[in-house]
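Take a look at the structure below.
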Amino acid sequence: MHTEKRDFNQEATAWDEHPARVRLASDIVEAIKGQGILRPEMEVLDFGCGTGLVSLGLQPLVGSLTGVDSSQGMLAVLKAKIDRLGLANVRTQYCDLDQGDRLAGRYDLVISSMTLHHVKEVGPLLASLHAVLTPGGSLCLADLDSEEGQFHDNPAGVFHSGFDRRLLLQALGAAGFVEGRAATAAAIEKPGRDGAIRCFTVFLMTARKP
Ligand SMILES: C[S@@+](CC[C@H](N)C(=O)[O-])C[C@H]1O[C@@H](n2cnc3c(N)ncnc32)[C@H](O)[C@@H]1O
């Protein structure tokens, strides 16, 4: 596990040039759609939205979407897409919980894709996501299953080598969520950091605020 923060700003402009990333985001979008929870009037928060690969996949099916990220570079790429596509229902918001910023607003659905493993303290984050959900609102978390620290070529800012589903479900319960469940959303076959080919799986975990 590495503790230094990762500079996502440096990676932002070339982020979408990696087909495997785009495919993973698309698999996660399909997994979220498959939950049958998207509604045209929904207000959605995408925590750790990056360049909006998942946000913009969901945008046509919801009322509005706020993409939150702690990288101005990532947000700038998403903002350029919003402007280019003329999207009136998507906005970006800078927020770094590690620096004491707080999430604002009220949302019917909070999603987060491949961001949790970059956040050191998962419990406080889950509490913050719970706080901005409306009663009855849903949470969708996509992230890596436990792995041996081989997924990332650049281990900077990777605080968790994936997650044990059972323990994460317990953490969701401790944060006040109910009806937590998880299913496999994607499988990625690629060389690990040591060069050996591995299959990494990504779960979609869903839960509800009572
Ligand atoms: C692996 S990228 C995933 C981007 C996007 N969700 C996707 O699936 O394509 C992780 C994102 O989380 C953001 N991030 C990392 N730590 C964060 C934090 N503490 N608060 C907000 N965003 C964070 C990074 O800036 C980056 O854009």
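Just remember, in the structure tokens the first chain shown is A, the second B, etc., residues are 1-based per chain, and ligands are 1-based in the order shown.
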Per residue of chain A within 9 Å of ligand 1, what are the shortest atom pair and its distance in Å to one decimal, counting only C-alpha atoms and all ligand atoms, with rows by chain and residue number, as a Markdown table?
```
| residue | atom | partner | partner_atom_place_in_ligand_line | distance |
| --- | --- | --- | --- | --- |
| A:Lys5 | CA | ligand 1 | 16 (N) | 8.2 |
| A:Arg6 | CA | ligand 1 | 15 (C) | 7.8 |
| A:Asp7 | CA | ligand 1 | 25 (O) | 7.6 |
| A:Phe8 | CA | ligand 1 | 25 (O) | 5.2 |
| A:Asn9 | CA | ligand 1 | 25 (O) | 7.4 |
| A:Ala12 | CA | ligand 1 | 27 (O) | 7.8 |
| A:Trp15 | CA | ligand 1 | 9 (O) | 8.3 |
| A:Asp16 | CA | ligand 1 | 9 (O) | 8.2 |
| A:Arg21 | CA | ligand 1 | 9 (O) | 6.6 |
| A:Val22 | CA | ligand 1 | 9 (O) | 7.2 |
| A:Leu24 | CA | ligand 1 | 8 (O) | 7.5 |
| A:Ala25 | CA | ligand 1 | 8 (O) | 5.3 |
| A:Ser26 | CA | ligand 1 | 8 (O) | 8.9 |
| A:Ile28 | CA | ligand 1 | 8 (O) | 8.0 |
| A:Asp46 | CA | ligand 1 | 6 (N) | 7.4 |
| A:Phe47 | CA | ligand 1 | 21 (C) | 6.2 |
| A:Gly48 | CA | ligand 1 | 12 (O) | 3.7 |
| A:Cys49 | CA | ligand 1 | 6 (N) | 4.1 |
| A:Gly50 | CA | ligand 1 | 27 (O) | 3.3 |
| A:Thr51 | CA | ligand 1 | 9 (O) | 6.4 |
| A:Gly52 | CA | ligand 1 | 5 (C) | 6.1 |
| A:Leu53 | CA | ligand 1 | 9 (O) | 5.0 |
| A:Val54 | CA | ligand 1 | 8 (O) | 5.7 |
| A:Ser55 | CA | ligand 1 | 6 (N) | 7.8 |
| A:Val68 | CA | ligand 1 | 21 (C) | 6.3 |
| A:Asp69 | CA | ligand 1 | 22 (N) | 3.8 |
| A:Ser70 | CA | ligand 1 | 21 (C) | 4.1 |
| A:Ser71 | CA | ligand 1 | 25 (O) | 4.4 |
| A:Gln72 | CA | ligand 1 | 25 (O) | 8.0 |
| A:Gly73 | CA | ligand 1 | 25 (O) | 8.2 |
| A:Met74 | CA | ligand 1 | 27 (O) | 5.7 |
| A:Leu75 | CA | ligand 1 | 27 (O) | 7.9 |
| A:Tyr94 | CA | ligand 1 | 21 (C) | 7.8 |
| A:Cys95 | CA | ligand 1 | 21 (C) | 5.9 |
| A:Asp96 | CA | ligand 1 | 20 (N) | 4.6 |
| A:Leu97 | CA | ligand 1 | 19 (N) | 5.4 |
| A:Asp98 | CA | ligand 1 | 19 (N) | 5.7 |
| A:Gln99 | CA | ligand 1 | 19 (N) | 8.5 |
| A:Ile111 | CA | ligand 1 | 6 (N) | 8.8 |
| A:Ser112 | CA | ligand 1 | 6 (N) | 6.1 |
| A:Ser113 | CA | ligand 1 | 6 (N) | 4.2 |
| A:Met114 | CA | ligand 1 | 3 (C) | 4.8 |
| A:Thr115 | CA | ligand 1 | 10 (C) | 4.2 |
| A:Leu116 | CA | ligand 1 | 16 (N) | 7.5 |
| A:His117 | CA | ligand 1 | 15 (C) | 8.3 |
| A:His118 | CA | ligand 1 | 16 (N) | 5.0 |
| A:Val119 | CA | ligand 1 | 19 (N) | 5.3 |
| A:Lys120 | CA | ligand 1 | 19 (N) | 8.0 |
| A:Leu125 | CA | ligand 1 | 19 (N) | 8.5 |
| A:Ala142 | CA | ligand 1 | 8 (O) | 8.3 |
| A:Asp143 | CA | ligand 1 | 8 (O) | 9.0 |
| A:Gly157 | CA | ligand 1 | 16 (N) | 7.9 |
```
Limited to C-alpha atoms, could you put the picked residues into a file as a JSON list (two decimals), in the first residue's frame?
```json
[["chain", "number", "residue", "atom", "x", "y", "z"],
["A", 5, "LYS", "CA", -1.27, 11.36, -2.97],
["A", 6, "ARG", "CA", -1.47, 10.80, -6.70],
["A", 7, "ASP", "CA", -1.41, 13.72, -9.11],
["A", 8, "PHE", "CA", -4.39, 12.97, -11.35],
["A", 9, "ASN", "CA", -3.98, 16.40, -13.01],
["A", 12, "ALA", "CA", -6.23, 14.01, -17.09],
["A", 15, "TRP", "CA", -7.10, 9.63, -19.43],
["A", 16, "ASP", "CA", -9.64, 8.63, -22.10],
["A", 21, "ARG", "CA", -10.47, 2.33, -19.00],
["A", 22, "VAL", "CA", -13.23, 3.34, -21.40],
["A", 24, "LEU", "CA", -14.42, -0.63, -17.81],
["A", 25, "ALA", "CA", -16.44, 2.56, -17.39],
["A", 26, "SER", "CA", -18.92, 1.31, -20.00],
["A", 28, "ILE", "CA", -19.92, -0.12, -14.92],
["A", 46, "ASP", "CA", -20.71, 11.01, -9.16],
["A", 47, "PHE", "CA", -17.99, 11.10, -6.50],
["A", 48, "GLY", "CA", -14.52, 10.93, -8.10],
["A", 49, "CYS", "CA", -16.03, 11.49, -11.53],
["A", 50, "GLY", "CA", -12.70, 11.90, -13.32],
["A", 51, "THR", "CA", -13.27, 12.79, -16.96],
["A", 52, "GLY", "CA", -16.91, 11.74, -16.68],
["A", 53, "LEU", "CA", -16.71, 8.38, -18.44],
["A", 54, "VAL", "CA", -19.39, 6.97, -16.14],
["A", 55, "SER", "CA", -21.20, 10.28, -15.52],
["A", 68, "VAL", "CA", -17.26, 15.86, -7.96],
["A", 69, "ASP", "CA", -13.52, 15.37, -8.01],
["A", 70, "SER", "CA", -10.37, 16.53, -6.20],
["A", 71, "SER", "CA", -8.46, 16.97, -9.48],
["A", 72, "GLN", "CA", -8.99, 20.28, -11.31],
["A", 73, "GLY", "CA", -7.40, 18.68, -14.38],
["A", 74, "MET", "CA", -9.96, 15.86, -14.50],
["A", 75, "LEU", "CA", -12.80, 18.34, -13.95],
["A", 94, "TYR", "CA", -14.25, 20.58, -6.97],
["A", 95, "CYS", "CA", -14.10, 18.90, -3.56],
["A", 96, "ASP", "CA", -11.20, 17.40, -1.62],
["A", 97, "LEU", "CA", -12.46, 15.79, 1.55],
["A", 98, "ASP", "CA", -8.85, 15.19, 2.62],
["A", 99, "GLN", "CA", -8.39, 18.99, 2.78],
["A", 111, "ILE", "CA", -22.35, 6.69, -7.58],
["A", 112, "SER", "CA", -18.61, 6.28, -7.36],
["A", 113, "SER", "CA", -16.48, 4.34, -9.80],
["A", 114, "MET", "CA", -12.89, 3.19, -9.17],
["A", 115, "THR", "CA", -12.34, 6.01, -6.66],
["A", 116, "LEU", "CA", -12.75, 4.32, -3.29],
["A", 117, "HIS", "CA", -9.31, 2.66, -3.42],
["A", 118, "HIS", "CA", -7.77, 6.15, -3.75],
["A", 119, "VAL", "CA", -9.38, 7.33, -0.50],
["A", 120, "LYS", "CA", -7.46, 6.53, 2.66],
["A", 125, "LEU", "CA", -16.29, 8.96, 3.06],
["A", 142, "ALA", "CA", -17.81, 0.15, -8.24],
["A", 143, "ASP", "CA", -14.30, -0.88, -7.31],
["A", 157, "GLY", "CA", -2.24, 7.22, -4.13]]
```
Tell me, which residues of stretch 21-103 of chain A carry DSSP helix (DSSP H, G or I), written as a PyMOL selection string? chain A and resi 21-33+55-61+72-85+97-99
Selection file, N, CA and C atoms, as a compact mmCIF listing (two decimals), in the first residue's frame:
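So result-v1.txt came out as:
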```txt
# COMPACT_ATOMS: atom_id res chain seq x y z
N ARG A 21 -9.78 1.47 -19.97
CA ARG A 21 -10.47 2.33 -19.00
C ARG A 21 -11.87 2.66 -19.50
N VAL A 22 -11.94 2.97 -20.81
CA VAL A 22 -13.23 3.34 -21.40
C VAL A 22 -14.18 2.13 -21.33
N ARG A 23 -13.62 0.93 -21.63
CA ARG A 23 -14.44 -0.29 -21.60
C ARG A 23 -14.93 -0.56 -20.17
N LEU A 24 -14.03 -0.39 -19.21
CA LEU A 24 -14.42 -0.63 -17.81
C LEU A 24 -15.55 0.31 -17.40
N ALA A 25 -15.40 1.60 -17.75
CA ALA A 25 -16.44 2.56 -17.39
C ALA A 25 -17.77 2.17 -18.04
N SER A 26 -17.70 1.71 -19.29
CA SER A 26 -18.92 1.31 -20.00
C SER A 26 -19.55 0.09 -19.31
N ASP A 27 -18.74 -0.87 -18.87
CA ASP A 27 -19.27 -2.04 -18.14
C ASP A 27 -19.96 -1.59 -16.85
N ILE A 28 -19.35 -0.60 -16.18
CA ILE A 28 -19.92 -0.12 -14.92
C ILE A 28 -21.24 0.61 -15.18
N VAL A 29 -21.27 1.41 -16.25
CA VAL A 29 -22.54 2.07 -16.62
C VAL A 29 -23.63 1.02 -16.85
N GLU A 30 -23.30 -0.03 -17.60
CA GLU A 30 -24.31 -1.07 -17.89
C GLU A 30 -24.76 -1.76 -16.61
N ALA A 31 -23.81 -1.99 -15.69
CA ALA A 31 -24.16 -2.64 -14.42
C ALA A 31 -25.10 -1.74 -13.60
N ILE A 32 -24.84 -0.43 -13.61
CA ILE A 32 -25.72 0.49 -12.87
C ILE A 32 -27.11 0.52 -13.53
N LYS A 33 -27.12 0.61 -14.87
CA LYS A 33 -28.41 0.60 -15.58
C LYS A 33 -29.20 -0.67 -15.23
N SER A 55 -20.17 9.22 -15.64
CA SER A 55 -21.20 10.28 -15.52
C SER A 55 -21.97 10.45 -16.83
N LEU A 56 -21.23 10.56 -17.93
CA LEU A 56 -21.88 10.88 -19.20
C LEU A 56 -22.62 9.67 -19.78
N GLY A 57 -22.28 8.49 -19.32
CA GLY A 57 -23.05 7.30 -19.69
C GLY A 57 -24.41 7.28 -19.01
N LEU A 58 -24.48 7.87 -17.82
CA LEU A 58 -25.74 7.88 -17.06
C LEU A 58 -26.59 9.12 -17.37
N GLN A 59 -25.92 10.20 -17.76
CA GLN A 59 -26.57 11.51 -17.93
C GLN A 59 -27.88 11.46 -18.74
N PRO A 60 -27.95 10.73 -19.87
CA PRO A 60 -29.20 10.78 -20.64
C PRO A 60 -30.39 10.17 -19.90
N LEU A 61 -30.13 9.41 -18.84
CA LEU A 61 -31.20 8.67 -18.17
C LEU A 61 -31.63 9.28 -16.84
N GLN A 72 -8.50 19.23 -10.40
CA GLN A 72 -8.99 20.28 -11.31
C GLN A 72 -8.77 19.86 -12.76
N GLY A 73 -7.69 19.13 -13.01
CA GLY A 73 -7.40 18.68 -14.38
C GLY A 73 -8.48 17.75 -14.91
N MET A 74 -8.89 16.79 -14.10
CA MET A 74 -9.96 15.86 -14.50
C MET A 74 -11.25 16.65 -14.74
N LEU A 75 -11.56 17.56 -13.81
CA LEU A 75 -12.80 18.34 -13.95
C LEU A 75 -12.78 19.20 -15.21
N ALA A 76 -11.60 19.72 -15.57
CA ALA A 76 -11.50 20.55 -16.78
C ALA A 76 -11.81 19.73 -18.03
N VAL A 77 -11.36 18.47 -18.05
CA VAL A 77 -11.65 17.60 -19.21
C VAL A 77 -13.15 17.34 -19.29
N LEU A 78 -13.76 17.06 -18.12
CA LEU A 78 -15.21 16.82 -18.12
C LEU A 78 -15.96 18.10 -18.53
N LYS A 79 -15.51 19.24 -18.03
CA LYS A 79 -16.19 20.51 -18.35
C LYS A 79 -16.14 20.76 -19.86
N ALA A 80 -15.00 20.45 -20.47
CA ALA A 80 -14.88 20.65 -21.93
C ALA A 80 -15.88 19.76 -22.68
N LYS A 81 -16.08 18.53 -22.19
CA LYS A 81 -17.07 17.64 -22.83
C LYS A 81 -18.49 18.20 -22.66
N ILE A 82 -18.77 18.69 -21.45
CA ILE A 82 -20.11 19.25 -21.17
C ILE A 82 -20.38 20.41 -22.13
N ASP A 83 -19.36 21.29 -22.30
CA ASP A 83 -19.53 22.45 -23.18
C ASP A 83 -19.70 22.00 -24.63
N ARG A 84 -18.85 21.04 -25.04
CA ARG A 84 -18.89 20.58 -26.44
C ARG A 84 -20.25 19.96 -26.77
N LEU A 85 -20.78 19.18 -25.81
CA LEU A 85 -22.05 18.48 -26.05
C LEU A 85 -23.26 19.35 -25.72
N LEU A 97 -12.08 16.06 0.16
CA LEU A 97 -12.46 15.79 1.55
C LEU A 97 -11.22 15.72 2.44
N ASP A 98 -10.10 15.29 1.84
CA ASP A 98 -8.85 15.19 2.62
C ASP A 98 -8.39 16.57 3.11
N GLN A 99 -8.79 17.63 2.40
CA GLN A 99 -8.39 18.99 2.78
C GLN A 99 -9.47 19.69 3.60
```
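Note that atom CA of A:Thr206 and atom CA of A:Leu139 are 5.5 Å apart.
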Check which residues of stretch 148-173 of chain A sit at most 10 Å from stretch 181-184 of chain A using only C-alpha atoms, and return one row each with the closest pair of atoms and their distance in Å to one decimal, ordered by chain and rising number, as a Markdown table.
```
| residue | atom | partner | partner_atom | distance |
| --- | --- | --- | --- | --- |
| A:Arg165 | CA | A:Ala182 | CA | 7.2 |
| A:Arg166 | CA | A:Ala182 | CA | 9.1 |
| A:Leu168 | CA | A:Ala182 | CA | 9.8 |
| A:Leu169 | CA | A:Arg181 | CA | 7.2 |
| A:Leu172 | CA | A:Arg181 | CA | 10.0 |
```
How about saving the chosen residues, N, CA and C atoms kept, as a PDB file, in the first residue's frame?
```
ATOM      1  N   ARG A 165     -15.423  -7.792  -0.296  1.00  0.00           N
ATOM      2  CA  ARG A 165     -16.832  -7.374  -0.394  1.00  0.00           C
ATOM      3  C   ARG A 165     -17.545  -7.446   0.956  1.00  0.00           C
ATOM      4  N   ARG A 166     -17.253  -8.520   1.710  1.00  0.00           N
ATOM      5  CA  ARG A 166     -17.950  -8.703   2.992  1.00  0.00           C
ATOM      6  C   ARG A 166     -17.631  -7.550   3.945  1.00  0.00           C
ATOM      7  N   LEU A 168     -16.540  -4.526   3.137  1.00  0.00           N
ATOM      8  CA  LEU A 168     -17.083  -3.255   2.648  1.00  0.00           C
ATOM      9  C   LEU A 168     -18.590  -3.175   2.911  1.00  0.00           C
ATOM     10  N   LEU A 169     -19.263  -4.318   2.758  1.00  0.00           N
ATOM     11  CA  LEU A 169     -20.704  -4.332   3.077  1.00  0.00           C
ATOM     12  C   LEU A 169     -20.930  -4.008   4.550  1.00  0.00           C
ATOM     13  N   LEU A 172     -20.565  -0.346   4.985  1.00  0.00           N
ATOM     14  CA  LEU A 172     -21.783   0.350   4.528  1.00  0.00           C
ATOM     15  C   LEU A 172     -22.860   0.314   5.608  1.00  0.00           C
TER      16      LEU A 172
END
```
From a backbone DSSP assignment, name each residue in stretch 88-145 of chain A labelled strand (DSSP E or B), as a ChimeraX atom specification. /A:90-94,107-113,133-145
Could the residues in this selection be saved with N, CA and C atoms as a PDB file, in the first residue's frame?
```pdb
ATOM      1  N   VAL A  90     -25.538  18.692 -16.509  1.00  0.00           N
ATOM      2  CA  VAL A  90     -24.337  18.151 -15.856  1.00  0.00           C
ATOM      3  C   VAL A  90     -23.480  19.317 -15.394  1.00  0.00           C
ATOM      4  N   ARG A  91     -23.011  19.232 -14.142  1.00  0.00           N
ATOM      5  CA  ARG A  91     -22.111  20.270 -13.663  1.00  0.00           C
ATOM      6  C   ARG A  91     -20.958  19.629 -12.917  1.00  0.00           C
ATOM      7  N   THR A  92     -19.879  20.376 -12.787  1.00  0.00           N
ATOM      8  CA  THR A  92     -18.698  19.861 -12.092  1.00  0.00           C
ATOM      9  C   THR A  92     -18.517  20.635 -10.787  1.00  0.00           C
ATOM     10  N   GLN A  93     -17.905  19.948  -9.836  1.00  0.00           N
ATOM     11  CA  GLN A  93     -17.685  20.592  -8.534  1.00  0.00           C
ATOM     12  C   GLN A  93     -16.385  20.057  -7.944  1.00  0.00           C
ATOM     13  N   TYR A  94     -15.504  20.980  -7.604  1.00  0.00           N
ATOM     14  CA  TYR A  94     -14.251  20.579  -6.970  1.00  0.00           C
ATOM     15  C   TYR A  94     -14.515  20.291  -5.493  1.00  0.00           C
ATOM     16  N   TYR A 107     -29.007  14.426  -2.978  1.00  0.00           N
ATOM     17  CA  TYR A 107     -29.039  13.591  -4.174  1.00  0.00           C
ATOM     18  C   TYR A 107     -29.912  12.354  -3.961  1.00  0.00           C
ATOM     19  N   ASP A 108     -30.518  11.915  -5.063  1.00  0.00           N
ATOM     20  CA  ASP A 108     -31.329  10.692  -5.017  1.00  0.00           C
ATOM     21  C   ASP A 108     -30.467   9.460  -5.254  1.00  0.00           C
ATOM     22  N   LEU A 109     -29.335   9.675  -5.915  1.00  0.00           N
ATOM     23  CA  LEU A 109     -28.428   8.565  -6.215  1.00  0.00           C
ATOM     24  C   LEU A 109     -27.002   9.083  -6.132  1.00  0.00           C
ATOM     25  N   VAL A 110     -26.162   8.358  -5.417  1.00  0.00           N
ATOM     26  CA  VAL A 110     -24.731   8.653  -5.395  1.00  0.00           C
ATOM     27  C   VAL A 110     -24.016   7.467  -6.014  1.00  0.00           C
ATOM     28  N   ILE A 111     -23.152   7.769  -6.991  1.00  0.00           N
ATOM     29  CA  ILE A 111     -22.349   6.692  -7.577  1.00  0.00           C
ATOM     30  C   ILE A 111     -20.870   7.054  -7.400  1.00  0.00           C
ATOM     31  N   SER A 112     -20.040   6.045  -7.404  1.00  0.00           N
ATOM     32  CA  SER A 112     -18.606   6.275  -7.359  1.00  0.00           C
ATOM     33  C   SER A 112     -17.926   5.089  -8.032  1.00  0.00           C
ATOM     34  N   SER A 113     -17.078   5.396  -8.997  1.00  0.00           N
ATOM     35  CA  SER A 113     -16.481   4.339  -9.803  1.00  0.00           C
ATOM     36  C   SER A 113     -14.960   4.397  -9.723  1.00  0.00           C
ATOM     37  N   LEU A 133     -27.363  11.933   0.657  1.00  0.00           N
ATOM     38  CA  LEU A 133     -28.461  11.200   0.011  1.00  0.00           C
ATOM     39  C   LEU A 133     -29.793  11.559   0.644  1.00  0.00           C
ATOM     40  N   THR A 134     -30.826  11.636  -0.166  1.00  0.00           N
ATOM     41  CA  THR A 134     -32.178  11.802   0.371  1.00  0.00           C
ATOM     42  C   THR A 134     -32.616  10.464   0.980  1.00  0.00           C
ATOM     43  N   PRO A 135     -33.517  10.495   1.961  1.00  0.00           N
ATOM     44  CA  PRO A 135     -34.032   9.230   2.496  1.00  0.00           C
ATOM     45  C   PRO A 135     -34.606   8.381   1.355  1.00  0.00           C
ATOM     46  N   GLY A 136     -34.251   7.113   1.335  1.00  0.00           N
ATOM     47  CA  GLY A 136     -34.688   6.227   0.257  1.00  0.00           C
ATOM     48  C   GLY A 136     -33.743   6.237  -0.929  1.00  0.00           C
ATOM     49  N   GLY A 137     -32.749   7.135  -0.904  1.00  0.00           N
ATOM     50  CA  GLY A 137     -31.802   7.238  -2.024  1.00  0.00           C
ATOM     51  C   GLY A 137     -30.850   6.047  -2.096  1.00  0.00           C
ATOM     52  N   SER A 138     -30.237   5.897  -3.254  1.00  0.00           N
ATOM     53  CA  SER A 138     -29.388   4.721  -3.508  1.00  0.00           C
ATOM     54  C   SER A 138     -27.920   5.092  -3.668  1.00  0.00           C
ATOM     55  N   LEU A 139     -27.085   4.127  -3.330  1.00  0.00           N
ATOM     56  CA  LEU A 139     -25.635   4.256  -3.496  1.00  0.00           C
ATOM     57  C   LEU A 139     -25.159   3.131  -4.410  1.00  0.00           C
ATOM     58  N   CYS A 140     -24.317   3.461  -5.381  1.00  0.00           N
ATOM     59  CA  CYS A 140     -23.688   2.452  -6.241  1.00  0.00           C
ATOM     60  C   CYS A 140     -22.181   2.672  -6.213  1.00  0.00           C
ATOM     61  N   LEU A 141     -21.451   1.693  -5.703  1.00  0.00           N
ATOM     62  CA  LEU A 141     -19.987   1.793  -5.629  1.00  0.00           C
ATOM     63  C   LEU A 141     -19.370   0.719  -6.504  1.00  0.00           C
ATOM     64  N   ALA A 142     -18.529   1.137  -7.432  1.00  0.00           N
ATOM     65  CA  ALA A 142     -17.809   0.149  -8.244  1.00  0.00           C
ATOM     66  C   ALA A 142     -16.333   0.240  -7.893  1.00  0.00           C
ATOM     67  N   ASP A 143     -15.738  -0.902  -7.590  1.00  0.00           N
ATOM     68  CA  ASP A 143     -14.296  -0.880  -7.315  1.00  0.00           C
ATOM     69  C   ASP A 143     -13.726  -2.285  -7.441  1.00  0.00           C
ATOM     70  N   LEU A 144     -12.428  -2.362  -7.286  1.00  0.00           N
ATOM     71  CA  LEU A 144     -11.718  -3.628  -7.444  1.00  0.00           C
ATOM     72  C   LEU A 144     -12.007  -4.578  -6.289  1.00  0.00           C
ATOM     73  N   ASP A 145     -12.146  -5.852  -6.606  1.00  0.00           N
ATOM     74  CA  ASP A 145     -12.083  -6.863  -5.557  1.00  0.00           C
ATOM     75  C   ASP A 145     -10.653  -6.927  -5.053  1.00  0.00           C
TER      76      ASP A 145
END
```
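Proximity ranking of A:Leu126, A:Ala20, A:Ala186, A:Val158 relative to A:Arg208 places A:Leu126 first, based on only C-alpha atoms.
Coordinates place atom CA of A:Phe151 at a distance of 12.6 Å from atom CA of A:Phe163.
Our summary of the geometry notes that atom CA of A:Val132 is positioned 10.0 Å from atom CA of A:Arg102.
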Which is closer to A:Ile37 than all the others in A:Ala174, A:Val122, A:Ala196, A:Ala207, using only C-alpha atoms? A:Ala207
